[in-house]
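*Asks:* If you scroll down you'll find the structure; I have some questions about it.
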Amino acid sequence: MATIIPVSPFDYVVFGATGDLTQRKLLPALYQRYRDAQIPETSRIIGASRSHMSVEEFREHARDALKSFVPPAEIDDARLAGFLDHLFYVAIDALGDEGWDDLKRLLDERPDRIRPYYLATSPDLYGAICRNLDRYGLIGENSRVVLEKPIGKDLKSARAINDAVGAVFPESQIFRIDHYLGKETVQNLLALRFANTIFERLWNSDVIDHVQITVGETVGVEGRGGYYDTSGALRDMVQNHILQLLCLTAMESPISLDANSVRDEKLKVLRALKPITAADVQSVTVRGQYVAGAVSGRPVESYHTDLGSNAASRTETFVALKLEVRSGRWAGVPFYVRTGKRLPKKLSEIVVQFRASPFSIFPNDAFGREPNRLVIRLQPEEGMKLEVMTKDPGPGGMRLRPTNLDISFEETFKQRYPDAYERLLMDVVRGNATLFMRRDEVEVAWAWADTLLKAWADRPDPPRPYAAGSWGPTASIALIERDGRTWHEEIG
């Protein structure tokens with residue numbers, strides 16, 4: 001059984017309390033931490049949104065959400081009732097004066113509490129909410145503010161948001177969340193690299209041939225068409241999730257696990273990432289957009305149909321890139337990344353492909369000889385798989401085949417692990433910013449993304465079509481296969 005370390009009593013204020021993120025992720029995560037007795041009984045969770053409802057109505061709203069989004073086996077009626085008793089609610093106008101006095105009155109009952117403000121709202125409201133928090137005297141040394149992605153849609157808007165929030169909160173109290181960094185496997189990547197000499201000494205261009213990062217989704221825009229059509233796969237997934245995974249894979253060892261030490265090393269990777277300009281955009285990038293097809297045996301519509309618009313859209317729902325990290329460790333090692341909607345499987349994985357042996361003592365008919373490969377799975381099942389060559393059992397000579405040394409964290413350690421939001425919400429209370437993005441990380445990532453977005457905008461080519469349920473446009477296969485490599489597409 002994992003050791004549960006309680007946190008200090010807190011008042012967690014969630015703006016956007018009736019929204020989708022709160023219902024699907026935040027309330028279930030806080031319930032699970034309460035169920036595991038990590039949340040002190042004197043803590044409060046205060047919902048805030050424009051909707052007018054009573055505390056009891058909000059608690060019923062939360063009960064419905066928990067019944068929908070927490071597995072039935074993990075619903076304990078007694079613990080659920082106790083959790084709901086910790087919920088409070090304030091109707092508030094983020095842009096005006098309504099409700100702020102009510103929130104202040106509620107928070108002033110316990111002025112010394114740790115006070116995280118989670119902004120589960122449109123980023124357009126971040127600045128206004130923070131200014132009102134300051135105006136009503138609700139920011140102190142025990143306050144923190146949590147910003148959900150997207151932080152802007154380009155470097156200019158990201159800086160505007162950071163400036164507005166930073167005008168009232170010091171950087172040490174700003175937590176920019178990327179839930180991928182809270183996954184057990186992502187943190188185990190640090191342990192794998194820096195706690196195991198065998199891997200860290202092999203983690204370089206002498207031994208590694210290339211790295212692949214895939215984040216695939218089976219869903220389409222799922223009612224988010226208005227947002228997604230102004231965003232696209234690069235802004236929605238690459239600029240944040242995928243670049244963060246690349247940073248953790250490619251970074252040098254920090255001097256400690258202190259938040260700034262880890263983030264300093266990630267920042268170096270982002271600064272070493274070669275910009276993609278108009279000169280090479282055709283050779284190292286592929287944009288795609290799904291058309292009608294079938295996913296998991298079900299027919300699904302095209303992106304245009306999902307948008308509900310007859311107008312042609314040039315927004316990409318798929319991106320494949322060949323990236324280069326310009327450093328001594330990674331010289332000559334390409335990083336192939338891809339992400340898309342309406343792909344055959346929901347998966348997130350990092351594949352580290354090692355180089356083939358330069359010489360083999362085994363005969364050519366010892367078929368199955370393949371280079372070693374490390375597969376780090378983030379979803380659907382978190383774990384790691386190291387593919388090594390072994391002798392095929394039985395008589396008949398020396399015949400080789402790849403065998404997996406497979407670690408599924410939940411099966412190996414026989415326990416449920418907190419999900420990413422559970423871990424990150426508690427890290428905010430602790431004031432531990434290691435798994436959150438610093439301002440300079442966000443802005444350097446946007447500067448890189450802006451260069452690519454401009455290169456795409458300067459060319460008239462529309463996104464390439466791909467059938468829903470496929471692995472993207474055929475050009476994405478050519479992107480890697482012309483280098484003599486192939487995408488890893490099994491998650492066994």
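In the structure tokens, each chain is lettered A, B, ... as it comes, each chain's residues begin at 1, and ligands are numbered from 1 in order of appearance.
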If you run DSSP over the backbone, which residues in stretch 91-172 of chain A end up alpha helix (DSSP H)? Put them as a PyMOL selection string.

*Replies:* chain A and resi 100-108+126-135+155-166

*Asks:* With a distance cut-off of 10 Å and only C-alpha atoms, select the neighbouring residues of stretch 81-98 of chain A, excluding the residue or stretch itself and same-chain residues fewer than 2 positions from it, and output the selection as a PyMOL selection string.

*Replies:* chain A and resi 11-17+27+30-35+39+41-60+62-63+76-79+100-103+106+121+125-133+136

*Asks:* Could you write out the selected residues, including C-alpha atoms, as a short mmCIF file (atom, residue, chain, number, x, y, z; two decimals), in the first residue's frame?

*Replies:*
```
data_model
loop_
_atom_site.label_atom_id
_atom_site.label_comp_id
_atom_site.auth_asym_id
_atom_site.auth_seq_id
_atom_site.Cartn_x
_atom_site.Cartn_y
_atom_site.Cartn_z
CA ASP A 11 -9.36 26.35 1.04
CA TYR A 12 -9.29 25.32 -2.65
CA VAL A 13 -11.21 27.86 -4.76
CA VAL A 14 -12.16 26.52 -8.20
CA PHE A 15 -13.26 29.17 -10.72
CA GLY A 16 -15.31 27.58 -13.50
CA ALA A 17 -16.82 25.18 -10.97
CA LEU A 27 -13.87 17.06 -8.46
CA LEU A 30 -10.20 15.85 -5.03
CA TYR A 31 -12.69 13.13 -4.04
CA GLN A 32 -10.05 10.42 -4.51
CA ARG A 33 -7.57 12.32 -2.34
CA TYR A 34 -10.28 12.69 0.32
CA ARG A 35 -11.18 9.00 0.05
CA ILE A 39 -7.20 15.89 2.64
CA GLU A 41 -11.16 17.27 7.53
CA THR A 42 -11.01 21.02 8.11
CA SER A 43 -10.29 21.78 4.44
CA ARG A 44 -12.85 23.34 2.12
CA ILE A 45 -13.40 23.23 -1.65
CA ILE A 46 -15.17 26.36 -2.84
CA GLY A 47 -16.75 26.41 -6.27
CA ALA A 48 -17.12 29.74 -8.06
CA SER A 49 -18.88 30.41 -11.35
CA ARG A 50 -21.51 32.64 -12.97
CA SER A 51 -24.36 30.17 -12.35
CA HIS A 52 -26.68 31.06 -9.51
CA MET A 53 -27.21 28.08 -7.23
CA SER A 54 -27.22 27.26 -3.55
CA VAL A 55 -24.53 25.28 -1.76
CA GLU A 56 -26.88 22.29 -1.66
CA GLU A 57 -27.55 22.53 -5.38
CA PHE A 58 -23.81 22.65 -6.05
CA ARG A 59 -23.27 19.59 -3.88
CA GLU A 60 -25.94 17.71 -5.84
CA ALA A 62 -20.98 17.53 -7.76
CA ARG A 63 -22.56 14.24 -6.65
CA ASP A 76 -17.70 4.80 -1.01
CA ASP A 77 -21.04 6.21 0.07
CA ALA A 78 -19.81 7.29 3.50
CA ARG A 79 -16.68 8.94 2.11
CA TRP A 100 -16.52 38.95 -4.71
CA ASP A 101 -17.63 40.25 -1.30
CA ASP A 102 -19.27 36.86 -0.64
CA LEU A 103 -16.06 35.05 -1.52
CA LEU A 106 -16.08 33.06 3.26
CA THR A 121 -11.98 29.04 -17.11
CA LEU A 125 -10.51 35.57 -17.87
CA TYR A 126 -7.20 34.83 -16.12
CA GLY A 127 -6.12 38.45 -15.90
CA ALA A 128 -9.52 39.74 -14.73
CA ILE A 129 -9.85 37.08 -12.03
CA CYS A 130 -6.36 37.77 -10.71
CA ARG A 131 -6.94 41.53 -10.66
CA ASN A 132 -10.14 41.03 -8.66
CA LEU A 133 -8.43 38.68 -6.24
CA TYR A 136 -10.48 42.37 -2.79
#
```

*Asks:* Looking only at strand (DSSP E or B) from DSSP on the backbone, list the matching residues of stretch 169-294 of chain A as a VMD selection string.

*Replies:* chain A and resid 174 to 176 208 to 216 273 285 to 291 293 to 294

*Asks:* In terms of the shortest atom-to-atom distance over only C-alpha atoms, which of A:Pro71, A:Pro380, A:Gly166, A:Gly308 is closest to A:Arg439?

*Replies:*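 Closest residue, counting only C-alpha atoms: A:Gly166.
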
*Asks:* Might you pull out every residue within 10 Å of stretch 266-281 of chain A, with only C-alpha atoms counted and same-chain residues fewer than 3 positions away left off, and present them as number ranges by chain?

*Replies:* A: 243-254, 260-263, 284-286, 321-327, 437-438, 440-459

*Asks:* With distances taken over only C-alpha atoms, which of A:Val215, A:Leu21, A:Ala467, A:Leu386 is nearest to A:Asn240?

*Replies:* A:Val215

*Asks:* Using only C-alpha atoms for the distances, tell me which of A:Tyr466, A:Gln353, A:Asn204, A:Val429 is nearest to A:Thr486.

*Replies:*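 Of A:Tyr466, A:Gln353, A:Asn204, A:Val429, the one nearest A:Thr486, counting only C-alpha atoms, is A:Gln353.
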
*Asks:* Which residues are close to stretch 4-10 of chain A, i.e. within 6 Å by only C-alpha atoms, leaving aside same-chain residues fewer than 6 positions away? Reply as a short mmCIF file (atom, residue, chain, number, x, y, z; two decimals) with N, CA and C atoms, in the first residue's frame.

*Replies:*
```cif
data_model
loop_
_atom_site.label_atom_id
_atom_site.label_comp_id
_atom_site.auth_asym_id
_atom_site.auth_seq_id
_atom_site.Cartn_x
_atom_site.Cartn_y
_atom_site.Cartn_z
N GLN A 38 -6.08 11.88 2.46
CA GLN A 38 -4.97 12.82 2.29
C GLN A 38 -5.40 14.25 2.58
N PRO A 40 -7.17 17.00 4.83
CA PRO A 40 -7.61 17.19 6.22
C PRO A 40 -9.10 17.52 6.31
N SER A 43 -10.47 21.11 5.73
CA SER A 43 -10.29 21.78 4.44
C SER A 43 -11.63 22.04 3.78
N ARG A 113 -5.21 29.91 6.13
CA ARG A 113 -5.19 28.68 5.34
C ARG A 113 -4.37 28.83 4.07
N ILE A 114 -3.81 27.69 3.61
CA ILE A 114 -3.27 27.65 2.26
C ILE A 114 -4.44 27.83 1.30
N ARG A 115 -4.27 28.71 0.32
CA ARG A 115 -5.40 29.13 -0.50
C ARG A 115 -5.05 29.05 -1.98
#
```

*Asks:* Could you tell me how far atom CA of A:Ala294 sits from atom CA of A:Ala468, in Å to one decimal place?

*Replies:*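 If I compute the distance from atom CA of A:Ala468 to atom CA of A:Ala294, I get 5.7 Å.
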
*Asks:* Could you name the residues that touch A:Leu181 at 9 Å or less, counting only C-alpha atoms, but leaving out those on the same chain fewer than 6 positions away, as a ChimeraX atom specification?

*Replies:* /A:187,241,244-245,420,424,435-436

*Asks:* I want to know what sits within 10 Å of stretch 309-320 of chain A, based on only C-alpha atoms, with residues of the same chain fewer than 3 positions away left out; could you give that as a PyMOL selection string?

*Replies:* chain A and resi 213-214+216+220-221+225+228-238+284-290+303-306+323+336-343+457+460-466+471-473+475-477+479-480

*Asks:* Nearest to A:Ser296: which of A:Val219, A:Ala259, A:Val351, A:Ile177 is it, counting only C-alpha atoms?

*Replies:*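 Under the stated criterion, the closest residue is A:Val219.
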
*Asks:* Of the residues A:Pro72, A:Gly469, A:Gly383, A:Gly182, which is the one nearest to A:Glu217, using only C-alpha atoms?

*Replies:*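 Of all the options, A:Gly469 lies closest to A:Glu217.
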
*Asks:* Taking into account only C-alpha atoms, which residue in the set A:Leu192, A:Asp124, A:Ile139, A:Val388 is nearest to A:Ala160?

*Replies:* A:Asp124

*Asks:* Give me the residues near A:Pro371 as number ranges by chain, where near means some atom within 7 Å (using only C-alpha atoms) and where sequence neighbours in that chain fewer than 4 positions away do not count.

*Replies:* A: 354-356

*Asks:* What is the distance between atom CA of A:Leu66 and atom CA of A:Pro28, in Å to one decimal?

*Replies:*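 Going from atom CA of A:Leu66 over to atom CA of A:Pro28, I get 5.8 Å.
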